[in-house]
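Shown next: target-v4.tsv, given as TSV, C-alpha atoms.
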```
chain	number	residue	atom	x	y	z
C	18	MET	CA	31.62	35.34	43.72
C	19	SER	CA	28.29	35.56	45.56
C	20	ARG	CA	27.53	33.36	48.54
C	21	THR	CA	25.11	31.25	46.52
C	22	SER	CA	27.45	30.77	43.59
C	23	THR	CA	30.22	29.57	45.89
C	24	ALA	CA	27.74	27.09	47.43
C	25	ARG	CA	27.03	25.77	43.97
C	26	ALA	CA	30.74	25.53	43.15
C	27	ARG	CA	31.40	23.73	46.45
C	28	LEU	CA	28.71	21.19	45.64
C	29	VAL	CA	30.23	20.55	42.22
C	30	ASP	CA	33.72	20.15	43.72
C	31	SER	CA	32.46	17.84	46.45
C	32	ALA	CA	30.63	15.72	43.89
C	33	ARG	CA	33.74	15.39	41.77
C	34	GLU	CA	35.88	14.33	44.70
C	35	LEU	CA	33.44	12.19	46.64
C	36	ILE	CA	32.09	10.27	43.66
C	37	HIS	CA	35.55	9.73	42.21
C	38	SER	CA	36.88	8.37	45.51
C	39	SER	CA	33.82	6.23	46.32
C	40	ASN	CA	31.11	5.96	43.66
C	41	TYR	CA	27.84	7.53	42.52
C	42	GLY	CA	25.55	5.30	44.53
C	43	ALA	CA	27.59	5.51	47.73
C	44	ALA	CA	27.63	9.33	47.75
C	45	SER	CA	24.18	10.34	49.05
C	46	VAL	CA	22.76	13.84	48.67
C	47	GLN	CA	23.32	14.21	52.43
C	48	ASP	CA	26.99	13.17	52.04
C	49	LEU	CA	27.43	15.64	49.19
C	50	CYS	CA	25.81	18.43	51.19
C	51	SER	CA	27.95	17.68	54.25
C	52	ALA	CA	31.16	17.62	52.23
C	53	ALA	CA	30.23	20.94	50.58
C	54	LYS	CA	28.97	22.48	53.85
C	55	VAL	CA	25.66	23.26	52.15
C	56	ASN	CA	22.19	22.43	53.41
C	57	LYS	CA	19.72	20.32	51.47
C	58	GLY	CA	17.56	23.34	50.68
C	59	SER	CA	20.49	24.95	48.88
C	60	PHE	CA	21.27	21.70	47.11
C	61	TYR	CA	17.80	21.50	45.62
C	62	TYR	CA	17.87	25.20	44.83
C	63	PHE	CA	20.80	24.59	42.48
C	64	PHE	CA	20.15	21.04	41.33
C	65	PRO	CA	16.83	19.25	40.85
C	66	SER	CA	18.54	15.92	41.59
C	67	LYS	CA	21.86	14.20	42.29
C	68	ARG	CA	22.05	13.35	38.60
C	69	ASP	CA	21.96	17.04	37.67
C	70	LEU	CA	24.80	17.77	40.07
C	71	VAL	CA	26.79	14.90	38.58
C	72	LEU	CA	26.25	16.18	35.05
C	73	ALA	CA	27.59	19.58	36.16
C	74	ALA	CA	30.53	17.84	37.86
C	75	LEU	CA	31.25	15.89	34.67
C	76	ASP	CA	31.51	19.14	32.72
C	77	VAL	CA	34.09	20.49	35.18
C	78	GLN	CA	35.96	17.17	35.21
C	79	TRP	CA	36.10	17.14	31.42
C	80	ALA	CA	37.43	20.73	31.38
C	81	ASN	CA	40.09	19.64	33.92
C	82	ALA	CA	41.02	16.53	31.98
C	83	LYS	CA	41.58	18.66	28.88
C	84	ALA	CA	43.57	21.34	30.68
C	85	LYS	CA	45.70	19.06	32.85
C	86	VAL	CA	46.20	15.91	30.80
C	87	LEU	CA	45.02	16.08	27.21
C	88	GLU	CA	46.21	19.53	26.10
C	89	PRO	CA	49.73	19.19	27.57
C	90	SER	CA	50.06	15.61	26.33
C	91	PHE	CA	48.92	16.33	22.80
C	92	ALA	CA	50.70	19.67	22.37
C	93	ALA	CA	52.59	19.89	19.07
C	94	ASP	CA	56.02	20.22	20.74
C	95	ALA	CA	56.59	16.46	20.44
C	96	PRO	CA	56.24	14.01	17.53
C	97	PRO	CA	52.71	12.56	17.32
C	98	LEU	CA	53.45	9.09	18.71
C	99	GLU	CA	55.45	10.58	21.58
C	100	ARG	CA	52.34	12.60	22.48
C	101	ILE	CA	50.41	9.38	22.96
C	102	LEU	CA	53.18	7.91	25.12
C	103	ARG	CA	53.30	10.98	27.34
C	104	PHE	CA	49.53	10.91	27.62
C	105	PHE	CA	49.83	7.46	29.22
C	106	ARG	CA	52.64	8.70	31.49
C	107	ARG	CA	50.60	11.73	32.58
C	108	ALA	CA	47.56	9.57	33.22
C	109	ALA	CA	49.74	7.24	35.34
C	110	GLN	CA	50.97	10.25	37.33
C	111	ALA	CA	47.42	11.51	37.85
C	112	GLN	CA	46.42	8.09	39.20
C	113	ASN	CA	49.45	7.78	41.44
C	114	ARG	CA	47.74	8.36	44.82
C	115	PRO	CA	47.48	6.24	47.96
C	116	VAL	CA	44.40	4.66	46.37
C	117	VAL	CA	44.06	4.45	42.58
C	118	LEU	CA	40.66	5.95	41.71
C	119	GLY	CA	40.47	5.09	38.02
C	120	CYS	CA	38.92	7.25	35.31
C	121	PRO	CA	36.08	9.44	36.62
C	122	PHE	CA	34.29	9.07	33.29
C	123	GLY	CA	34.80	5.33	32.83
C	124	ASN	CA	33.84	4.76	36.48
C	125	LEU	CA	30.51	6.54	36.06
C	126	ALA	CA	29.73	4.80	32.78
C	127	VAL	CA	30.42	1.36	34.24
C	128	GLU	CA	28.42	1.98	37.41
C	129	MET	CA	25.48	3.82	35.87
C	130	ALA	CA	25.13	2.87	32.17
C	131	THR	CA	22.29	0.40	32.69
C	132	LEU	CA	20.48	2.64	35.19
C	133	ASP	CA	20.76	6.14	33.73
C	134	GLU	CA	20.96	6.78	30.00
C	135	THR	CA	21.59	10.50	30.48
C	136	ILE	CA	24.78	9.89	32.46
C	137	ARG	CA	25.79	7.10	30.09
C	138	ASP	CA	25.38	9.32	27.03
C	139	ARG	CA	27.29	12.18	28.64
C	140	VAL	CA	30.26	9.87	29.24
C	141	ARG	CA	29.96	8.60	25.67
C	142	ASP	CA	30.31	12.21	24.49
C	143	VAL	CA	33.36	12.77	26.72
C	144	PHE	CA	34.89	9.63	25.23
C	145	GLN	CA	34.33	11.12	21.78
C	146	GLY	CA	36.34	14.09	23.02
C	147	TYR	CA	39.25	11.83	23.99
C	148	GLN	CA	38.99	10.09	20.64
C	149	GLY	CA	39.32	13.46	18.88
C	150	TYR	CA	42.73	14.06	20.49
C	151	PHE	CA	43.82	10.53	19.56
C	152	GLU	CA	42.64	10.96	15.96
C	153	GLY	CA	44.68	14.14	15.57
C	154	ALA	CA	47.88	12.45	16.70
C	155	ILE	CA	47.26	9.30	14.65
C	156	ALA	CA	46.54	11.28	11.47
C	157	GLU	CA	49.77	13.22	11.97
C	158	ALA	CA	51.71	10.02	12.63
C	159	ILE	CA	50.42	8.60	9.35
C	160	ALA	CA	51.29	11.81	7.49
C	161	ALA	CA	54.80	11.69	9.00
C	162	GLY	CA	55.22	8.06	7.92
C	163	ASP	CA	55.57	6.82	11.52
C	164	ILE	CA	52.71	4.38	11.05
C	165	GLU	CA	51.19	2.78	7.98
C	166	PRO	CA	48.03	4.40	6.58
C	167	ARG	CA	44.95	3.09	8.37
C	168	ASP	CA	41.42	4.02	9.40
C	169	VAL	CA	42.17	6.88	11.79
C	170	SER	CA	38.85	6.71	13.59
C	171	ALA	CA	39.08	2.93	14.13
C	172	ALA	CA	42.64	3.24	15.43
C	173	ALA	CA	41.59	6.00	17.84
C	174	GLU	CA	38.70	3.87	19.07
C	175	ALA	CA	41.09	0.97	19.75
C	176	LEU	CA	43.42	3.32	21.61
C	177	LEU	CA	40.52	4.61	23.71
C	178	ALA	CA	39.53	1.05	24.65
C	179	TYR	CA	43.13	0.22	25.54
C	180	PHE	CA	43.49	3.36	27.65
C	181	GLN	CA	40.24	2.79	29.54
C	182	GLY	CA	41.22	-0.84	30.12
C	183	ALA	CA	44.61	0.23	31.47
C	184	LEU	CA	42.91	2.49	34.02
C	185	LEU	CA	40.47	-0.26	34.93
C	186	LEU	CA	43.32	-2.73	35.56
C	187	ALA	CA	45.25	-0.14	37.56
C	188	LYS	CA	42.21	0.44	39.77
C	189	THR	CA	41.61	-3.29	40.22
C	190	ARG	CA	45.21	-3.77	41.34
C	191	ASN	CA	45.52	-0.43	43.10
C	192	ASP	CA	48.67	0.08	41.04
C	193	ALA	CA	49.13	3.18	38.89
C	194	GLY	CA	52.34	1.63	37.53
C	195	THR	CA	50.14	-0.62	35.41
C	196	ILE	CA	49.20	2.38	33.24
C	197	GLU	CA	52.81	3.44	32.74
C	198	ARG	CA	53.84	-0.13	31.95
C	199	LEU	CA	51.03	-0.59	29.41
C	200	GLY	CA	51.70	2.71	27.61
C	201	PRO	CA	54.42	1.61	25.20
C	202	ALA	CA	52.37	-1.31	23.79
C	203	ALA	CA	49.92	1.32	22.49
C	204	MET	CA	52.52	1.75	19.73
C	205	ASN	CA	51.90	-1.84	18.64
C	206	LEU	CA	48.15	-1.32	18.71
C	207	LEU	CA	48.58	1.56	16.25
C	208	GLY	CA	50.90	-0.42	14.03
C	209	ALA	CA	53.89	1.84	14.69
C	210	LYS	CA	56.89	0.84	12.64
C	211	HIS	CA	59.05	0.61	15.71
C	212	GLY	CA	56.61	-1.06	18.10
C	213	CYS	CA	57.76	-2.93	21.17
X	17	MET	CA	18.70	-30.64	46.44
X	18	SER	CA	17.32	-29.72	49.87
X	19	ARG	CA	14.99	-26.77	50.34
X	20	THR	CA	17.69	-24.73	52.04
X	21	SER	CA	20.33	-25.44	49.43
X	22	THR	CA	18.00	-24.35	46.65
X	23	ALA	CA	17.35	-21.12	48.57
X	24	ARG	CA	21.09	-20.53	48.70
X	25	ALA	CA	21.46	-21.27	44.98
X	26	ARG	CA	18.55	-18.93	44.16
X	27	LEU	CA	20.22	-16.15	46.13
X	28	VAL	CA	23.47	-16.66	44.23
X	29	ASP	CA	21.65	-16.67	40.88
X	30	SER	CA	19.66	-13.56	41.77
X	31	ALA	CA	22.81	-11.77	42.87
X	32	ARG	CA	24.56	-12.61	39.60
X	33	GLU	CA	21.69	-11.38	37.50
X	34	LEU	CA	20.55	-8.38	39.51
X	35	ILE	CA	24.03	-6.97	40.14
X	36	HIS	CA	25.10	-7.53	36.55
X	37	SER	CA	22.03	-5.74	35.20
X	38	SER	CA	22.08	-2.87	37.71
X	39	ASN	CA	25.06	-2.67	40.08
X	40	TYR	CA	26.24	-3.73	43.52
X	41	GLY	CA	25.05	-0.67	45.40
X	42	ALA	CA	21.65	-0.54	43.69
X	43	ALA	CA	20.81	-4.16	44.56
X	44	SER	CA	19.77	-4.11	48.22
X	45	VAL	CA	19.56	-7.20	50.41
X	46	GLN	CA	15.79	-6.80	50.20
X	47	ASP	CA	15.92	-6.68	46.39
X	48	LEU	CA	18.11	-9.77	46.32
X	49	CYS	CA	15.78	-11.63	48.71
X	50	SER	CA	12.70	-10.64	46.68
X	51	ALA	CA	14.27	-11.73	43.40
X	52	ALA	CA	15.30	-15.06	44.96
X	53	LYS	CA	11.95	-15.52	46.78
X	54	VAL	CA	13.84	-15.95	50.04
X	55	ASN	CA	13.22	-14.14	53.31
X	56	LYS	CA	15.86	-12.07	55.07
X	57	GLY	CA	16.27	-14.68	57.81
X	58	SER	CA	17.31	-17.23	55.20
X	59	PHE	CA	19.63	-14.72	53.55
X	60	TYR	CA	21.55	-14.15	56.76
X	61	TYR	CA	21.53	-17.88	57.51
X	62	PHE	CA	23.56	-18.47	54.36
X	63	PHE	CA	25.50	-15.20	54.05
X	64	PRO	CA	26.75	-12.91	56.81
X	65	SER	CA	26.52	-9.94	54.42
X	66	LYS	CA	25.79	-8.86	50.87
X	67	ARG	CA	29.52	-8.95	50.21
X	68	ASP	CA	29.66	-12.66	51.10
X	69	LEU	CA	26.83	-13.38	48.69
X	70	VAL	CA	28.62	-11.44	45.99
X	71	LEU	CA	31.85	-13.35	46.53
X	72	ALA	CA	29.89	-16.60	46.12
X	73	ALA	CA	28.23	-15.17	42.99
X	74	LEU	CA	31.65	-14.22	41.59
X	75	ASP	CA	32.81	-17.83	41.96
X	76	VAL	CA	29.82	-19.08	39.96
X	77	GLN	CA	30.27	-16.31	37.38
X	78	TRP	CA	33.92	-17.21	36.93
X	79	ALA	CA	33.04	-20.89	36.47
X	80	ASN	CA	30.48	-19.83	33.85
X	81	ALA	CA	32.91	-17.53	32.06
X	82	LYS	CA	35.38	-20.38	31.79
X	83	ALA	CA	32.81	-22.94	30.62
X	84	LYS	CA	30.92	-20.71	28.19
X	85	VAL	CA	33.52	-18.31	26.81
X	86	LEU	CA	37.12	-19.06	27.75
X	87	GLU	CA	37.31	-22.84	27.30
X	88	PRO	CA	35.51	-22.91	23.92
X	89	SER	CA	37.43	-19.87	22.67
X	90	PHE	CA	40.85	-21.16	23.67
X	91	ALA	CA	40.34	-24.80	22.70
X	92	ALA	CA	43.26	-26.17	20.67
X	93	ASP	CA	41.14	-26.83	17.55
X	94	ALA	CA	42.15	-23.44	16.10
X	95	PRO	CA	45.53	-21.72	15.64
X	96	PRO	CA	46.47	-19.65	18.72
X	97	LEU	CA	45.77	-16.19	17.30
X	98	GLU	CA	42.42	-17.35	15.92
X	99	ARG	CA	41.52	-18.41	19.48
X	100	ILE	CA	41.97	-14.82	20.63
X	101	LEU	CA	39.85	-13.50	17.76
X	102	ARG	CA	37.05	-15.93	18.52
X	103	PHE	CA	37.25	-15.00	22.19
X	104	PHE	CA	36.39	-11.42	21.22
X	105	ARG	CA	33.59	-12.66	18.96
X	106	ARG	CA	32.14	-14.84	21.72
X	107	ALA	CA	32.34	-11.98	24.21
X	108	ALA	CA	30.51	-9.76	21.71
X	109	GLN	CA	27.80	-12.42	21.35
X	110	ALA	CA	27.47	-12.74	25.13
X	111	GLN	CA	27.00	-8.95	25.40
X	112	ASN	CA	24.52	-8.78	22.55
X	113	ARG	CA	21.33	-8.18	24.61
X	114	PRO	CA	18.78	-5.38	24.61
X	115	VAL	CA	21.05	-3.61	27.09
X	116	VAL	CA	24.81	-4.23	27.09
X	117	LEU	CA	25.74	-5.11	30.67
X	118	GLY	CA	29.54	-5.14	30.38
X	119	CYS	CA	31.91	-7.50	32.19
X	120	PRO	CA	30.52	-8.67	35.55
X	121	PHE	CA	34.06	-8.71	36.95
X	122	GLY	CA	35.22	-5.39	35.55
X	123	ASN	CA	31.93	-3.78	36.61
X	124	LEU	CA	32.38	-4.86	40.23
X	125	ALA	CA	36.02	-3.79	40.34
X	126	VAL	CA	35.26	-0.34	38.97
X	127	GLU	CA	32.30	0.22	41.28
X	128	MET	CA	33.77	-1.27	44.46
X	129	ALA	CA	37.60	-1.15	44.30
X	130	THR	CA	37.98	1.90	46.51
X	131	LEU	CA	35.30	0.76	48.97
X	132	ASP	CA	35.95	-2.97	49.41
X	133	GLU	CA	39.40	-4.51	49.07
X	134	THR	CA	38.07	-8.05	49.37
X	135	ILE	CA	35.87	-7.68	46.30
X	136	ARG	CA	38.62	-5.79	44.49
X	137	ASP	CA	41.18	-8.54	45.17
X	138	ARG	CA	38.78	-11.29	44.12
X	139	VAL	CA	38.30	-9.56	40.75
X	140	ARG	CA	42.07	-9.14	40.46
X	141	ASP	CA	42.41	-12.91	40.88
X	142	VAL	CA	39.75	-13.57	38.23
X	143	PHE	CA	41.67	-11.26	35.89
X	144	GLN	CA	44.77	-13.36	36.53
X	145	GLY	CA	42.70	-16.32	35.38
X	146	TYR	CA	41.86	-14.55	32.11
X	147	GLN	CA	45.50	-13.65	31.70
X	148	GLY	CA	46.46	-17.31	32.02
X	149	TYR	CA	44.33	-18.22	28.99
X	150	PHE	CA	45.85	-15.33	27.03
X	151	GLU	CA	49.39	-16.32	28.00
X	152	GLY	CA	48.84	-19.87	26.75
X	153	ALA	CA	47.70	-18.68	23.32
X	154	ILE	CA	50.43	-16.04	23.04
X	155	ALA	CA	53.18	-18.51	23.96
X	156	GLU	CA	51.87	-20.92	21.32
X	157	ALA	CA	51.68	-18.13	18.73
X	158	ILE	CA	55.33	-17.30	19.42
X	159	ALA	CA	56.31	-20.97	19.18
X	160	ALA	CA	54.44	-21.24	15.86
X	161	GLY	CA	56.21	-18.15	14.54
X	162	ASP	CA	52.96	-16.20	14.17
X	163	ILE	CA	54.28	-13.37	16.33
X	164	GLU	CA	57.79	-12.24	17.19
X	165	PRO	CA	59.19	-13.44	20.52
X	166	ARG	CA	58.13	-11.13	23.35
X	167	ASP	CA	57.39	-11.01	27.07
X	168	VAL	CA	54.37	-13.33	27.20
X	169	SER	CA	53.07	-12.05	30.51
X	170	ALA	CA	53.32	-8.38	29.44
X	171	ALA	CA	51.56	-9.12	26.16
X	172	ALA	CA	48.76	-10.96	28.00
X	173	GLU	CA	48.37	-8.03	30.41
X	174	ALA	CA	48.04	-5.63	27.46
X	175	LEU	CA	45.43	-7.91	25.89
X	176	LEU	CA	43.49	-8.03	29.17
X	177	ALA	CA	43.46	-4.23	29.35
X	178	TYR	CA	42.33	-4.00	25.74
X	179	PHE	CA	39.57	-6.56	26.28
X	180	GLN	CA	38.27	-4.89	29.44
X	181	GLY	CA	38.35	-1.52	27.69
X	182	ALA	CA	36.39	-2.94	24.75
X	183	LEU	CA	33.66	-4.11	27.12
X	184	LEU	CA	33.66	-0.77	28.90
X	185	LEU	CA	33.21	1.12	25.61
X	186	ALA	CA	30.49	-1.29	24.49
X	187	LYS	CA	28.61	-0.68	27.74
X	188	THR	CA	29.04	3.10	27.48
X	189	ARG	CA	27.59	3.06	23.95
X	190	ASN	CA	25.15	0.24	24.58
X	191	ASP	CA	26.62	-1.39	21.47
X	192	ALA	CA	28.00	-4.94	21.60
X	193	GLY	CA	29.25	-4.49	18.02
X	194	THR	CA	32.05	-2.36	19.48
X	195	ILE	CA	33.64	-5.51	20.92
X	196	GLU	CA	33.44	-7.41	17.64
X	197	ARG	CA	34.85	-4.43	15.74
X	198	LEU	CA	37.76	-4.00	18.17
X	199	GLY	CA	38.72	-7.68	18.18
X	200	PRO	CA	40.93	-7.77	15.06
X	201	ALA	CA	43.18	-4.92	16.29
X	202	ALA	CA	44.19	-7.19	19.18
X	203	MET	CA	46.45	-8.80	16.56
X	204	ASN	CA	48.35	-5.51	16.22
X	205	LEU	CA	48.63	-5.20	19.98
X	206	LEU	CA	50.34	-8.60	20.07
X	207	GLY	CA	52.64	-7.73	17.17
X	208	ALA	CA	51.13	-10.35	14.88
X	209	LYS	CA	52.97	-10.54	11.56
X	210	HIS	CA	49.76	-10.04	9.62
X	211	GLY	CA	48.08	-7.42	11.80
X	212	CYS	CA	45.37	-5.13	10.51
```
Here is the file; what I need is its structure written in the form of C-alpha cells.
Amino acid sequence: MSRTSTARARLVDSARELIHSSNYGAASVQDLCSAAKVNKGSFYYFFPSKRDLVLAALDVQWANAKAKVLEPSFAADAPPLERILRFFRRAAQAQNRPVVLGCPFGNLAVEMATLDETIRDRVRDVFQGYQGYFEGAIAEAIAAGDIEPRDVSAAAEALLAYFQGALLLAKTRNDAGTIERLGPAAMNLLGAKHGC
Amino acid sequence: MSRTSTARARLVDSARELIHSSNYGAASVQDLCSAAKVNKGSFYYFFPSKRDLVLAALDVQWANAKAKVLEPSFAADAPPLERILRFFRRAAQAQNRPVVLGCPFGNLAVEMATLDETIRDRVRDVFQGYQGYFEGAIAEAIAAGDIEPRDVSAAAEALLAYFQGALLLAKTRNDAGTIERLGPAAMNLLGAKHGC
C-alpha cells in the first residue's frame, strides 16, 4: 500500500473509532487528523469535507457489520428464528465494552438526520440492508411453519425498529446485557408460535 | 413574572427547541442566547454551563411529554391495550412536522451518552418514567385477560425499546408514518391474544 493510501485508510479508521466512541460533532477535523497521524493538507487531499470522510467510514463500517455480525448470524446452519436470536446475542457481545457505544449507524442518523440529508439517507440505505437479512429469515420461518404467514417486509421493519431501540436503551443504560435480555421477545414481535 | 425569570424561561424554551431541531453539540451557548434574546452574562447567571440548561430543558420536556402524550394516551377511558395503540398514534402525530425530529430524550442519550454521564442518566430516568406508564397498562391487560400473564417489567422494557426504535427509524426516513405503521405490531410484542 502506498504512503498516501495508508494515510487515507488511517483517516477512515480513525473516523470510525472516534465518531463511534464520541460523536460526529465532537470529532473535529483536527481530532481526526491527530488520531490518524495525518496533517490537514492530506485530509483535504483525500476528502473535501468531514462529511465525505464519514461517508467513506460508513461504507467500511457496513462491510464490517456484514462480515462480523450479519453474515455469521444469518448463515443457513441454524433454523431461521434461531438466526435472529443469535443476531441479538452477537450484537450484545459487540457492544460489551467498558462503555456501550450503541449502533454506529443509528447514532449517526439520530445526531445528524435534521442537519445533513446525505448522511441521513446513507444510514437509511444501510438500514435497508439490515432489513434484507431480516426478511430472508422471516420468509424462511414462514415457509417452515415456525410463524404464521404475514407481511414479510412489515415484520422485518418492526424487527429493525426493535433492534435499534434495544441498542439505544443499552447505550442509555451503559448496559450491553439489555440487548441480550431483549432478544428473545423478538420472537413475540414476529408472532412465533412458541414466543416467550 | 420578573424580567430575569422570563429570561430564564426563554433560555429553557430555546434550548428545548433548538436542540430538538438540530442537536446538543450544534447548538452553541451563543446560538441559545441569540434564540432566547438573552446575553451571555444572563445565561451564566442562570446556568453554570450548557449542560445545566439542558438538564432544566429536559425537566420541562418530560413534563410536556407527560401532559401532552402520556397522560392522554394512558387515561383509563380506553381498554389497556388500546391505550398503547393510541400512544403510538399520538407520538406519530407529534412527529408529523416538515422534518421529523425524533424523541428529544432518545436523541440526547444517543448523542451524549458516551460524553456526559449526567445527561445520560437523566434520560435513563425519563425512560423509567415511560416504562411506568407501560407497566400500568400491561398489568391491567393481564388482569383483564387480554394478554397471557408475563413479566410486566420485562414486557414494558421491550415496548420501550420498540417505541424508541420506531422514532429512530421515523427520523432516519423523515417519515412520521413509520411510527403509526409500527404501532399495531406492539400488540404482538406483548403477546396480545389478537395480535396482528
Compile the residues of chain C that lie within 9 Å of chain X, evaluated using only C-alpha atoms, and express the compilation as a VMD selection string.
chain C and resid 38 to 43 116 to 119 123 to 132 137 to 138 140 to 141 144 167 171 to 172 174 to 186 188 to 191 198 to 199 202 to 208 212 to 213
I'd like the neighbourhood of Ala154 in chain C as an MDAnalysis selection string, where a residue qualifies if any of its atoms comes within 12 Å (using all atoms listed in the file), though same-chain residues fewer than 6 positions away should be ignored.
chainID C and resid 87:88 90:102 104 147:148 160:161 163:164 169:170 172:173 176 207
Give the answer as one residue: which of X:Ile35, X:Ala25, X:Ala73, X:Ala192 has the shortest atom-to-atom distance to Phe104 in chain X, using all atoms listed in the file?
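Answer, going by the shortest atom-to-atom distance: X:Ala192.
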What gap, in Å, lies between CA of Arg103 in chain C and CA of Arg33 in chain C?
24.7 Å
Take CA of Gly194 in chain C and CA of Asn113 in chain C and report the distance between them in Å, one decimal.
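So the answer is 7.8 Å.
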Once you add 5 Å to each side, what are the centre and edge lengths of the axis-aligned box holding all listed atoms of range 68-78 of chain X? One decimal in Å, as lines of an AutoDock Vina configuration file, if you can.
```
center_x = 30.4
center_y = -15.3
center_z = 44.0
size_x = 17.1
size_y = 17.6
size_z = 24.2
```
What separation in Å, quoted to one decimal, exists between CA of Ala52 in chain X and CA of Leu34 in chain X?
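So the answer is 10.1 Å.
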Which residue of C:Lys210, C:Gly146, C:Ala44, C:Ser59 approaches Ala80 in chain C most closely, using only C-alpha atoms:
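Going through C:Lys210, C:Gly146, C:Ala44, C:Ser59 one by one, the smallest distance to Ala80 in chain C is for C:Gly146.
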Residue nearest Phe60 in chain C among C:Leu72, C:Ala32, C:Ala158, C:Ala24 (counting all atoms listed in the file):
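Going through C:Leu72, C:Ala32, C:Ala158, C:Ala24 one by one, the smallest distance to Phe60 in chain C is for C:Ala24.
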